[in-house]
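Source file data.txt; content: compact mmCIF, C-alpha atoms.
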```
# COMPACT_ATOMS: atom_id res chain seq x y z
CA MET A 1077 101.45 5.61 40.13
CA GLU A 1078 100.13 5.76 43.62
CA LYS A 1079 98.41 9.01 42.74
CA LYS A 1080 96.64 7.39 39.75
CA ARG A 1081 95.55 4.41 41.84
CA GLY A 1082 94.23 6.76 44.47
CA THR A 1083 92.26 8.69 41.86
CA ILE A 1084 90.60 5.53 40.55
CA VAL A 1085 89.60 4.49 44.07
CA ALA A 1086 88.13 7.92 44.70
CA ILE A 1087 86.01 7.74 41.51
CA VAL A 1088 84.66 4.28 42.40
CA VAL A 1089 83.73 5.44 45.90
CA ALA A 1090 82.01 8.49 44.47
CA LEU A 1091 79.95 6.36 42.08
CA ILE A 1092 78.93 4.05 44.89
CA LEU A 1093 77.84 6.99 47.02
CA ALA A 1094 75.87 8.43 44.10
CA VAL A 1095 73.98 5.19 43.61
CA ILE A 1096 73.17 5.00 47.31
CA SER A 1097 71.93 8.58 47.24
CA LEU A 1098 69.67 7.89 44.29
CA GLY A 1099 68.23 4.91 46.13
CA VAL A 1100 67.40 7.06 49.15
CA ALA A 1101 65.78 9.68 46.89
CA PHE A 1102 63.52 7.01 45.20
CA ALA A 1103 62.01 5.89 48.54
CA ALA A 1104 60.82 9.49 49.33
CA PHE A 1105 58.34 9.83 46.36
CA SER A 1106 54.73 9.87 47.53
CA THR A 1107 51.50 11.77 46.94
CA GLN A 1108 48.34 12.10 49.03
CA LEU A 1109 45.12 12.62 47.08
CA ASN A 1110 42.42 14.37 49.09
CA ILE A 1111 38.70 13.61 48.79
CA ASN A 1112 36.59 16.19 50.63
CA GLY A 1113 32.82 15.91 50.63
CA THR A 1114 29.52 16.56 52.38
CA ALA A 1115 26.22 14.74 52.31
CA THR A 1116 22.85 16.21 53.26
CA VAL A 1117 19.66 14.37 54.16
CA GLN A 1118 16.62 16.55 53.73
CA GLN A 1119 13.71 16.32 56.14
CA SER A 1120 11.08 13.86 55.03
CA SER A 1121 8.05 11.96 56.25
CA TRP A 1122 5.90 8.95 55.46
CA ASN A 1123 2.25 9.71 56.22
CA ILE A 1124 -0.68 7.91 54.62
CA PHE A 1125 -4.10 7.73 56.30
CA PHE A 1126 -7.84 7.45 55.72
CA ALA A 1127 -9.97 10.58 55.86
CA SER A 1128 -13.64 11.36 55.24
CA ALA A 1129 -12.82 14.18 52.79
CA SER A 1130 -10.12 14.81 50.16
CA ASN A 1131 -8.61 17.47 52.40
CA GLY A 1132 -9.65 15.92 55.68
CA SER A 1133 -7.28 15.82 58.60
CA LYS A 1134 -5.86 12.63 59.96
CA PRO A 1135 -8.31 11.11 62.44
CA SER A 1136 -6.81 10.87 65.88
CA SER A 1137 -9.27 8.14 66.78
CA ALA A 1138 -12.07 6.13 65.14
CA GLY A 1139 -15.12 8.17 64.22
CA THR A 1140 -18.39 7.63 62.41
CA LEU A 1141 -18.35 8.24 58.68
CA PRO A 1142 -20.61 11.19 57.83
CA ALA A 1143 -24.03 10.27 56.49
CA ALA A 1144 -23.18 12.05 53.26
CA ASN A 1145 -20.53 9.41 52.66
CA ILE A 1146 -23.07 6.55 52.90
CA THR A 1147 -25.52 5.46 50.19
CA GLU A 1148 -28.29 3.00 51.18
CA HIS A 1149 -30.15 1.54 48.23
CA GLY A 1150 -33.49 -0.23 48.44
CA SER A 1151 -34.21 -1.45 51.91
CA ALA A 1152 -30.56 -1.74 52.85
CA SER A 1153 -29.31 0.02 55.92
CA SER A 1154 -25.89 0.64 57.36
CA THR A 1155 -25.49 -0.20 60.99
CA LEU A 1156 -21.78 0.59 61.36
CA ALA A 1157 -19.40 2.93 59.51
CA SER A 1158 -16.29 3.57 61.60
CA LEU A 1159 -13.29 5.33 60.10
CA SER A 1160 -9.91 5.77 61.75
CA ALA A 1161 -6.51 6.74 60.33
CA ASP A 1162 -5.72 3.25 59.15
CA ASN A 1163 -8.96 1.29 59.45
CA PHE A 1164 -12.52 1.34 58.09
CA SER A 1165 -15.08 -0.98 59.63
CA TRP A 1166 -18.67 -1.39 58.47
CA ALA A 1167 -21.82 -3.45 58.94
CA ALA A 1168 -25.05 -3.48 56.94
CA THR A 1169 -28.42 -5.17 56.74
CA LEU A 1170 -29.57 -6.29 53.32
CA THR A 1171 -33.23 -7.30 53.06
CA ALA A 1172 -34.28 -7.60 49.45
CA PRO A 1173 -32.50 -8.67 46.25
CA GLY A 1174 -30.76 -5.67 44.76
CA ASP A 1175 -30.14 -3.98 48.09
CA TYR A 1176 -26.75 -2.41 48.47
CA VAL A 1177 -24.78 0.00 50.65
CA ILE A 1178 -21.89 2.12 49.39
CA TYR A 1179 -19.44 3.82 51.70
CA THR A 1180 -17.00 6.40 50.33
CA PHE A 1181 -13.88 7.85 51.94
CA TYR A 1182 -10.37 8.92 50.99
CA ALA A 1183 -6.76 7.78 51.33
CA ARG A 1184 -4.48 10.76 51.78
CA ASN A 1185 -0.71 10.96 51.29
CA THR A 1186 0.67 13.98 53.14
CA GLY A 1187 4.22 12.61 53.32
CA SER A 1188 7.28 13.43 51.24
CA PHE A 1189 7.32 10.27 49.18
CA ASN A 1190 5.11 9.09 46.38
CA ALA A 1191 3.36 5.87 47.24
CA LYS A 1192 1.54 3.09 45.49
CA VAL A 1193 -0.78 0.34 46.55
CA ARG A 1194 1.12 -2.83 47.33
CA SER A 1195 -1.95 -4.97 47.90
CA THR A 1196 -5.45 -4.92 49.33
CA LEU A 1197 -6.93 -7.32 51.82
CA SER A 1198 -8.99 -9.68 49.72
CA PRO A 1199 -12.56 -8.94 50.70
CA ASN A 1200 -14.17 -12.20 51.81
CA VAL A 1201 -17.45 -11.90 53.64
CA THR A 1202 -18.62 -14.51 56.08
CA CYS A 1203 -22.29 -15.26 56.43
CA THR A 1204 -24.34 -16.90 59.16
CA TYR A 1205 -28.04 -17.54 59.57
CA ALA A 1206 -29.94 -16.33 62.57
CA ASP A 1207 -29.63 -19.81 64.09
CA THR A 1208 -25.86 -19.33 63.75
CA THR A 1209 -25.47 -22.02 61.13
CA SER A 1210 -23.31 -21.18 58.16
CA ALA A 1211 -24.86 -19.30 55.28
CA GLN A 1212 -21.63 -19.20 53.32
CA THR A 1213 -23.05 -21.02 50.34
CA PHE A 1214 -25.77 -18.44 50.17
CA CYS A 1215 -23.30 -15.54 50.33
CA ASN A 1216 -20.97 -17.03 47.78
CA SER A 1217 -23.79 -17.01 45.28
CA HIS A 1218 -25.70 -13.88 46.18
CA VAL A 1219 -23.51 -11.33 48.00
CA THR A 1220 -20.76 -9.21 46.51
CA TYR A 1221 -18.33 -6.99 48.33
CA GLY A 1222 -15.37 -4.95 47.15
CA ILE A 1223 -13.29 -1.80 47.37
CA TYR A 1224 -13.32 0.30 44.25
CA LYS A 1225 -11.63 3.38 42.81
CA ASN A 1226 -14.61 4.66 40.79
CA GLU A 1227 -18.13 5.70 41.82
CA ALA A 1228 -19.74 3.07 39.59
CA CYS A 1229 -17.84 0.46 41.59
CA THR A 1230 -16.64 -1.34 38.52
CA GLN A 1231 -12.87 -0.82 38.94
CA ALA A 1232 -11.32 -2.49 41.93
CA VAL A 1233 -8.40 -0.94 43.78
CA THR A 1234 -5.34 -2.92 42.70
CA ALA A 1235 -1.61 -3.16 43.26
CA ASP A 1236 0.46 -0.34 41.77
CA ASP A 1237 -2.38 2.18 41.93
CA PRO A 1238 -0.46 5.42 42.68
CA LEU A 1239 -0.97 7.69 45.64
CA ASN A 1240 1.47 10.52 45.09
CA SER A 1241 2.81 12.84 47.72
CA ASN A 1242 0.37 15.58 48.69
CA SER A 1243 -2.57 13.93 46.97
CA SER A 1244 -5.58 11.83 47.87
CA ALA A 1245 -7.44 8.91 46.32
CA GLN A 1246 -11.17 8.33 46.76
CA TYR A 1247 -12.37 4.82 47.48
CA TRP A 1248 -15.83 3.24 47.42
CA VAL A 1249 -16.72 0.17 49.45
CA LYS A 1250 -19.84 -1.58 48.19
CA VAL A 1251 -21.73 -4.54 49.60
CA MET A 1252 -24.71 -5.83 47.62
CA LEU A 1253 -27.33 -8.54 47.71
CA LEU A 1254 -27.50 -9.62 44.09
CA ASP A 1255 -30.77 -9.86 42.30
CA ASN A 1256 -30.03 -13.31 40.89
CA PHE A 1257 -32.40 -15.54 42.77
CA ALA A 1258 -34.54 -18.21 41.18
CA THR A 1259 -37.79 -16.88 39.78
CA ASN A 1260 -39.70 -19.23 42.02
CA GLY A 1261 -37.79 -17.91 45.04
CA SER A 1262 -36.65 -21.33 45.99
CA ASP A 1263 -33.19 -20.10 46.98
CA LEU A 1264 -34.28 -17.13 49.01
CA PRO A 1265 -32.97 -17.28 52.55
CA THR A 1266 -35.40 -18.72 55.05
CA GLN A 1267 -33.71 -16.88 57.88
CA ALA A 1268 -32.03 -13.54 58.26
CA VAL A 1269 -28.44 -13.62 57.07
CA THR A 1270 -25.71 -11.74 58.83
CA VAL A 1271 -22.95 -10.69 56.48
CA THR A 1272 -19.60 -9.89 58.11
CA ALA A 1273 -16.62 -8.47 56.28
CA PRO A 1274 -13.12 -7.91 57.63
CA ALA A 1275 -11.88 -4.36 57.96
CA VAL A 1276 -10.78 -2.84 54.69
CA SER A 1277 -7.00 -2.77 54.48
CA VAL A 1278 -4.89 -1.18 51.81
CA TYR A 1279 -1.12 -1.56 51.96
CA TYR A 1280 1.15 1.08 50.49
CA ASP A 1281 4.78 1.11 49.42
CA GLN A 1282 7.06 3.93 48.39
CA ASN A 1283 6.82 4.61 44.67
CA MET B 1144 141.67 -13.94 59.76
CA GLU B 1145 138.92 -12.70 61.91
CA LYS B 1146 138.99 -9.30 60.25
CA GLU B 1147 138.89 -10.82 56.79
CA LYS B 1148 135.95 -13.06 57.59
CA LYS B 1149 134.02 -10.16 59.09
CA ARG B 1150 134.68 -8.08 56.02
CA GLN B 1151 133.37 -10.87 53.76
CA VAL B 1152 130.18 -11.28 55.78
CA ILE B 1153 129.47 -7.57 55.67
CA ALA B 1154 130.03 -7.54 51.93
CA ILE B 1155 127.59 -10.43 51.48
CA ILE B 1156 124.97 -8.71 53.59
CA ILE B 1157 125.37 -5.50 51.70
CA THR B 1158 125.10 -7.37 48.45
CA VAL B 1159 121.94 -9.11 49.54
CA VAL B 1160 120.40 -5.85 50.73
CA LEU B 1161 121.31 -4.13 47.53
CA SER B 1162 119.80 -7.02 45.60
CA ILE B 1163 116.57 -6.71 47.51
CA ILE B 1164 116.52 -3.00 47.00
CA SER B 1165 117.16 -3.53 43.32
CA LEU B 1166 114.37 -6.06 43.09
CA GLY B 1167 112.04 -3.60 44.79
CA VAL B 1168 113.09 -0.92 42.38
CA ALA B 1169 112.62 -3.34 39.55
CA PHE B 1170 109.09 -4.20 40.77
CA ALA B 1171 108.29 -0.52 41.08
CA VAL B 1172 109.44 0.04 37.52
CA PHE B 1173 107.10 -2.71 36.09
CA SER B 1174 103.62 -1.17 36.01
CA GLY B 1175 100.79 -0.38 33.70
CA THR B 1176 97.67 1.75 33.68
CA LEU B 1177 94.17 0.25 33.43
CA ASN B 1178 91.77 2.84 32.26
CA ILE B 1179 88.08 2.96 33.14
CA ASN B 1180 86.21 5.10 30.74
CA GLY B 1181 82.43 5.50 30.77
CA THR B 1182 79.51 7.86 30.63
CA ALA B 1183 76.36 8.00 32.80
CA THR B 1184 73.07 9.27 31.52
CA VAL B 1185 70.31 10.44 33.86
CA ASP B 1186 66.90 10.01 32.25
CA THR B 1187 64.05 12.37 33.01
CA ILE B 1188 62.79 11.54 36.51
CA LYS B 1189 59.23 12.46 37.28
CA TRP B 1190 56.73 11.67 40.04
CA ASP B 1191 53.25 13.01 39.37
CA MET B 1192 49.96 11.59 40.67
CA TYR B 1193 46.77 13.58 40.21
CA PHE B 1194 43.02 13.53 39.65
CA THR B 1195 41.57 14.05 36.20
CA THR B 1196 38.11 13.91 34.65
CA ALA B 1197 38.82 11.50 31.80
CA ASN B 1198 41.03 8.58 30.89
CA ASP B 1199 43.09 10.89 28.71
CA GLY B 1200 42.41 14.00 30.73
CA GLU B 1201 44.89 16.71 31.54
CA LYS B 1202 45.99 17.66 35.01
CA PRO B 1203 43.54 20.29 36.24
CA SER B 1204 45.54 23.32 37.24
CA GLU B 1205 42.49 25.08 38.61
CA SER B 1206 39.16 23.91 40.01
CA THR B 1207 37.38 21.86 37.35
CA THR B 1208 33.75 20.84 37.59
CA ILE B 1209 33.13 17.12 37.32
CA PRO B 1210 31.10 16.69 34.11
CA SER B 1211 27.48 15.65 34.53
CA GLY B 1212 28.24 12.55 32.49
CA ASN B 1213 30.58 11.47 35.29
CA ILE B 1214 27.83 11.68 37.90
CA GLN B 1215 25.15 8.97 38.05
CA ILE B 1216 22.24 9.11 40.47
CA SER B 1217 20.01 6.18 41.29
CA ASN B 1218 18.09 4.52 44.08
CA ILE B 1219 19.01 1.20 45.62
CA ASP B 1220 15.41 0.14 44.96
CA PRO B 1221 15.01 0.20 41.16
CA ASN B 1222 11.27 0.82 41.62
CA VAL B 1223 11.85 4.09 43.47
CA THR B 1224 12.59 7.33 41.66
CA PRO B 1225 15.92 8.81 42.86
CA THR B 1226 15.80 12.29 44.34
CA VAL B 1227 19.48 13.19 44.52
CA THR B 1228 21.23 16.47 43.81
CA ALA B 1229 24.97 15.99 43.36
CA THR B 1230 27.88 18.18 42.34
CA GLY B 1231 31.65 17.83 42.34
CA SER B 1232 34.93 19.40 41.27
CA MET B 1233 38.65 18.64 41.26
CA VAL B 1234 42.00 20.36 41.08
CA ALA B 1235 45.29 18.45 40.91
CA THR B 1236 45.27 16.32 44.06
CA THR B 1237 41.96 17.36 45.60
CA LEU B 1238 38.49 16.07 44.76
CA THR B 1239 35.46 17.80 46.27
CA TRP B 1240 31.91 16.44 46.24
CA ASP B 1241 28.49 17.33 47.65
CA ALA B 1242 25.28 15.29 47.59
CA ILE B 1243 21.75 15.93 48.82
CA PHE B 1244 19.59 12.89 49.54
CA ARG B 1245 15.83 13.04 49.96
CA THR B 1246 14.68 9.43 49.78
CA PRO B 1247 16.03 6.33 51.54
CA GLY B 1248 18.14 4.42 49.06
CA ASP B 1249 19.28 7.52 47.16
CA ARG B 1250 22.72 6.91 45.66
CA VAL B 1251 25.29 8.93 43.70
CA MET B 1252 28.36 7.66 41.87
CA TYR B 1253 31.15 9.93 40.68
CA THR B 1254 33.48 8.53 38.03
CA VAL B 1255 36.94 10.04 38.50
CA TYR B 1256 40.36 9.15 37.20
CA VAL B 1257 43.77 9.06 38.86
CA LYS B 1258 46.66 9.46 36.47
CA ASN B 1259 50.23 8.39 37.09
CA GLY B 1260 51.97 11.02 35.01
CA GLY B 1261 55.38 10.07 36.32
CA THR B 1262 58.10 7.67 35.29
CA PHE B 1263 57.69 5.35 38.26
CA ASN B 1264 55.05 2.73 38.83
CA ALA B 1265 52.90 3.69 41.80
CA LYS B 1266 50.89 1.80 44.36
CA VAL B 1267 48.36 2.70 46.99
CA THR B 1268 50.09 3.01 50.33
CA ASP B 1269 47.21 4.21 52.48
CA VAL B 1270 43.42 4.63 52.29
CA ASN B 1271 41.63 6.70 54.92
CA MET B 1272 37.82 6.90 54.73
CA PRO B 1273 36.52 8.38 58.00
CA ILE B 1274 32.95 7.72 59.09
CA PRO B 1275 30.70 10.74 58.46
CA THR B 1276 29.80 12.87 61.44
CA CYS B 1277 27.02 15.40 61.72
CA THR B 1278 26.91 18.69 63.52
CA ILE B 1279 25.01 18.19 66.71
CA LYS B 1280 22.65 21.06 67.41
CA THR B 1281 21.35 21.90 70.81
CA GLY B 1282 18.38 20.06 72.16
CA THR B 1283 18.31 16.37 73.00
CA ALA B 1284 15.76 15.51 70.32
CA GLN B 1285 17.80 17.18 67.60
CA GLN B 1286 20.99 15.56 68.79
CA GLU B 1287 19.41 12.15 68.67
CA ALA B 1288 17.93 12.87 65.27
CA GLU B 1289 21.22 13.99 63.79
CA THR B 1290 23.20 11.16 65.31
CA ARG B 1291 20.65 8.68 64.07
CA VAL B 1292 20.38 10.15 60.58
CA CYS B 1293 24.15 10.42 60.18
CA GLY B 1294 24.49 6.69 60.65
CA HIS B 1295 22.43 6.14 57.51
CA ILE B 1296 24.94 7.96 55.28
CA HIS B 1297 27.68 5.87 53.67
CA TYR B 1298 30.42 6.41 51.07
CA GLY B 1299 33.55 4.83 49.67
CA LEU B 1300 36.06 4.77 46.81
CA TYR B 1301 35.84 1.72 44.58
CA ASN B 1302 37.44 0.06 41.60
CA ASP B 1303 34.07 -0.93 40.13
CA THR B 1304 30.66 0.65 39.55
CA ALA B 1305 28.91 -1.91 41.72
CA GLY B 1306 30.89 -0.81 44.75
CA SER B 1307 32.10 -4.33 45.49
CA SER B 1308 35.85 -3.77 45.21
CA ALA B 1309 37.15 -1.00 47.43
CA VAL B 1310 40.38 0.79 46.61
CA ALA B 1311 42.99 -0.83 48.87
CA VAL B 1312 46.67 -0.77 49.77
CA ASP B 1313 49.09 -2.27 47.24
CA GLN B 1314 46.81 -1.77 44.26
CA THR B 1315 48.96 -0.33 41.49
CA ILE B 1316 48.91 2.28 38.75
CA PRO B 1317 51.74 1.76 36.25
CA ALA B 1318 53.74 4.73 35.10
CA GLY B 1319 52.05 6.71 32.38
CA THR B 1320 48.64 5.13 32.86
CA THR B 1321 45.27 6.23 34.22
CA LYS B 1322 42.92 4.32 36.48
CA ALA B 1323 39.20 4.90 36.90
CA TYR B 1324 37.85 5.11 40.42
CA TYR B 1325 34.24 5.36 41.55
CA LEU B 1326 33.31 7.51 44.52
CA ILE B 1327 29.94 6.18 45.70
CA ALA B 1328 27.79 7.73 48.41
CA TRP B 1329 24.32 6.63 49.47
CA LEU B 1330 21.54 6.89 52.04
CA ASP B 1331 20.66 3.40 53.22
CA THR B 1332 17.17 1.94 53.50
CA ASN B 1333 17.38 0.79 57.10
CA TRP B 1334 14.57 3.03 58.33
CA ALA B 1335 11.45 2.15 60.33
CA GLN B 1336 8.71 0.93 58.01
CA ASP B 1337 6.29 3.52 59.33
CA GLY B 1338 8.80 6.31 58.74
CA SER B 1339 8.86 7.25 62.39
CA ASP B 1340 12.65 7.83 62.38
CA LEU B 1341 12.87 9.95 59.24
CA PRO B 1342 14.61 13.30 59.79
CA THR B 1343 12.26 16.04 60.85
CA GLU B 1344 14.88 18.62 59.96
CA THR B 1345 17.54 18.67 57.29
CA VAL B 1346 20.74 17.03 58.49
CA LYS B 1347 24.15 17.72 56.95
CA THR B 1348 27.43 16.00 57.58
CA ASN B 1349 30.54 17.82 58.64
CA GLN B 1350 33.16 17.87 55.89
CA ILE B 1351 34.33 14.34 55.25
CA SER B 1352 38.09 14.46 54.65
CA ALA B 1353 39.17 11.22 53.07
CA THR B 1354 42.58 10.52 51.57
CA VAL B 1355 44.24 8.00 49.27
CA SER B 1356 48.05 7.97 49.29
CA PHE B 1357 50.36 6.64 46.60
CA GLY B 1358 53.98 5.67 46.80
CA GLN B 1359 56.50 4.23 44.44
CA ASN B 1360 55.92 0.63 43.53
```
Kindly present the structure from the file in structure tokens form.
Amino acid sequence: MEKKRGTIVAIVVALILAVISLGVAFAAFSTQLNINGTATVQQSSWNIFFASASNGSKPSSAGTLPAANITEHGSASSTLASLSADNFSWAATLTAPGDYVIYTFYARNTGSFNAKVRSTLSPNVTCTYADTTSAQTFCNSHVTYGIYKNEACTQAVTADDPLNSNSSAQYWVKVMLLDNFATNGSDLPTQAVTVTAPAVSVYYDQN
Amino acid sequence: MEKEKKRQVIAIIITVVLSIISLGVAFAVFSGTLNINGTATVDTIKWDMYFTTANDGEKPSESTTIPSGNIQISNIDPNVTPTVTATGSMVATTLTWDAIFRTPGDRVMYTVYVKNGGTFNAKVTDVNMPIPTCTIKTGTAQQEAETRVCGHIHYGLYNDTAGSSAVAVDQTIPAGTTKAYYLIAWLDTNWAQDGSDLPTETVKTNQISATVSFGQN
């Protein structure tokens, strides 16, 4: 009898120990997943500048645009044509209706990234008479000024115009005294008119 | 008289003792057996967590290339063309990836799956994503360049394609199911506008050894 009771107790104890053991074994399950990687950043550059030729080097300082890049029509004459890496400044004298001056130069992209025009500085000329009074009304009616992407100066440079890596875009800046005066000349200027335009600015973004 | 009384007392005592003994014997004779009969069954026990290339994919026993359909390249700026070259492979519990970035904003996303092929529910117990480091070459300028460029490289393991929900501790994968994870790496756009801090030489990270650990849920 005692032997049977002892056997039963031993079995119960063994079952309890087995359950405990299983519990300990459950807590040990785990797995580590490994994620091994490398990332490389290749050398790159952002380099857009003005140049006087399609393969011209980047100007280290402002220089005079070559005469070959300047067209003076009629009695017009250019008095300033300064080109630097990021700035073109000009000045001209227009004497007779129909006079115009055209400057041509290039924007070069020698960087790694394609670019596109984000915007251009809206060309607004300011005009003054020799006695320093405003001639703006006169200019608004008779003077045009713009930056163009074709030699005929009919297509203005606009946003989203591309300038891909390792390429150049030719620009033409034209200022003109329109031939649209009254036949009796009543609206011809009585004094010399100085026309001033801000520096041409073209803003680029990565494309 | 005295002798007789003593003899009677002894007899009574003996009788009582014998009675007690008899009772004990009687108790010992009354008994029964209660039987405990039963059987224990041990079901199949399995613990198996691994990478796979598809929701119903098998466990890769040898290095398996991540399919091109599981690798998406893009640029953070939707208007910029991505210039990323990316490859990857996996075997069992190891995922290996490599990405080449050329333009700020370049981004790559690997779609991978973790399968719980065991009989226990699992949960994430640890996530370790070390910050990338780059080999520093000699020369102060190169050191500065590599340190600076390295800080523009980012990566992580996510639950979603947008990279907004990172894999984290206590997230679960029930037994017998598969979960999709997205390993996303990118080159940020926090560079000088004039490009003056772009790398002048190619910069590569040291191996990034990240881990995700699972335990029983």
- Please determine the contact residues of chain A with respect to chain B at a cut-off of 9 Å, counting all atoms listed in the file, and supply them as a count of residues only. 31
- Could you pull the residues within 7 Å of Thr1202 of chain A, counting only C-alpha atoms, minus those fewer than 4 positions along the same chain, as a ChimeraX atom specification? /A:1212,1271-1273
Residue contacts of Asp1303 of chain B (12 Å, all atoms listed in the file) excluding same-chain residues fewer than 5 positions away, as a PDB file with C-alpha atoms, in the coordinates of the input:
```pdb
ATOM      1  CA  MET B1252      28.360   7.660  41.870  1.00  0.00           C
ATOM      2  CA  TYR B1253      31.150   9.930  40.680  1.00  0.00           C
ATOM      3  CA  THR B1254      33.480   8.530  38.030  1.00  0.00           C
ATOM      4  CA  VAL B1255      36.940  10.040  38.500  1.00  0.00           C
ATOM      5  CA  SER B1308      35.850  -3.770  45.210  1.00  0.00           C
ATOM      6  CA  ALA B1309      37.150  -1.000  47.430  1.00  0.00           C
ATOM      7  CA  VAL B1310      40.380   0.790  46.610  1.00  0.00           C
ATOM      8  CA  LYS B1322      42.920   4.320  36.480  1.00  0.00           C
ATOM      9  CA  ALA B1323      39.200   4.900  36.900  1.00  0.00           C
ATOM     10  CA  TYR B1324      37.850   5.110  40.420  1.00  0.00           C
ATOM     11  CA  TYR B1325      34.240   5.360  41.550  1.00  0.00           C
ATOM     12  CA  LEU B1326      33.310   7.510  44.520  1.00  0.00           C
ATOM     13  CA  ILE B1327      29.940   6.180  45.700  1.00  0.00           C
TER      14      ILE B1327
END
```
- Query: Which residue, A:Ser1195, A:Ser1151, A:Thr1180, A:Ser1210, has the smallest gap to Asn1226 of chain A when you use only C-alpha atoms?
  - Reply: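 So, comparing all the options, the nearest one is A:Thr1180.
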- Would you please work out which residue, of B:Asp1331, B:Asp1313, B:Lys1258, B:Thr1281, is nearest to Asp1199 of chain B when using all atoms listed in the file?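 Looking at the shortest contact to Asp1199 of chain B, the residue is B:Lys1258.
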- Point-to-point distance in Å for atom CA of Ala1335 of chain B and atom CA of Thr1186 of chain A: 17.5 Å
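Considering the residues A:Tyr1247, A:Tyr1280, A:Phe1257, A:Tyr1179 and counting all atoms listed in the file, Cys1215 of chain A has its shortest atom-to-atom contact with A:Phe1257.
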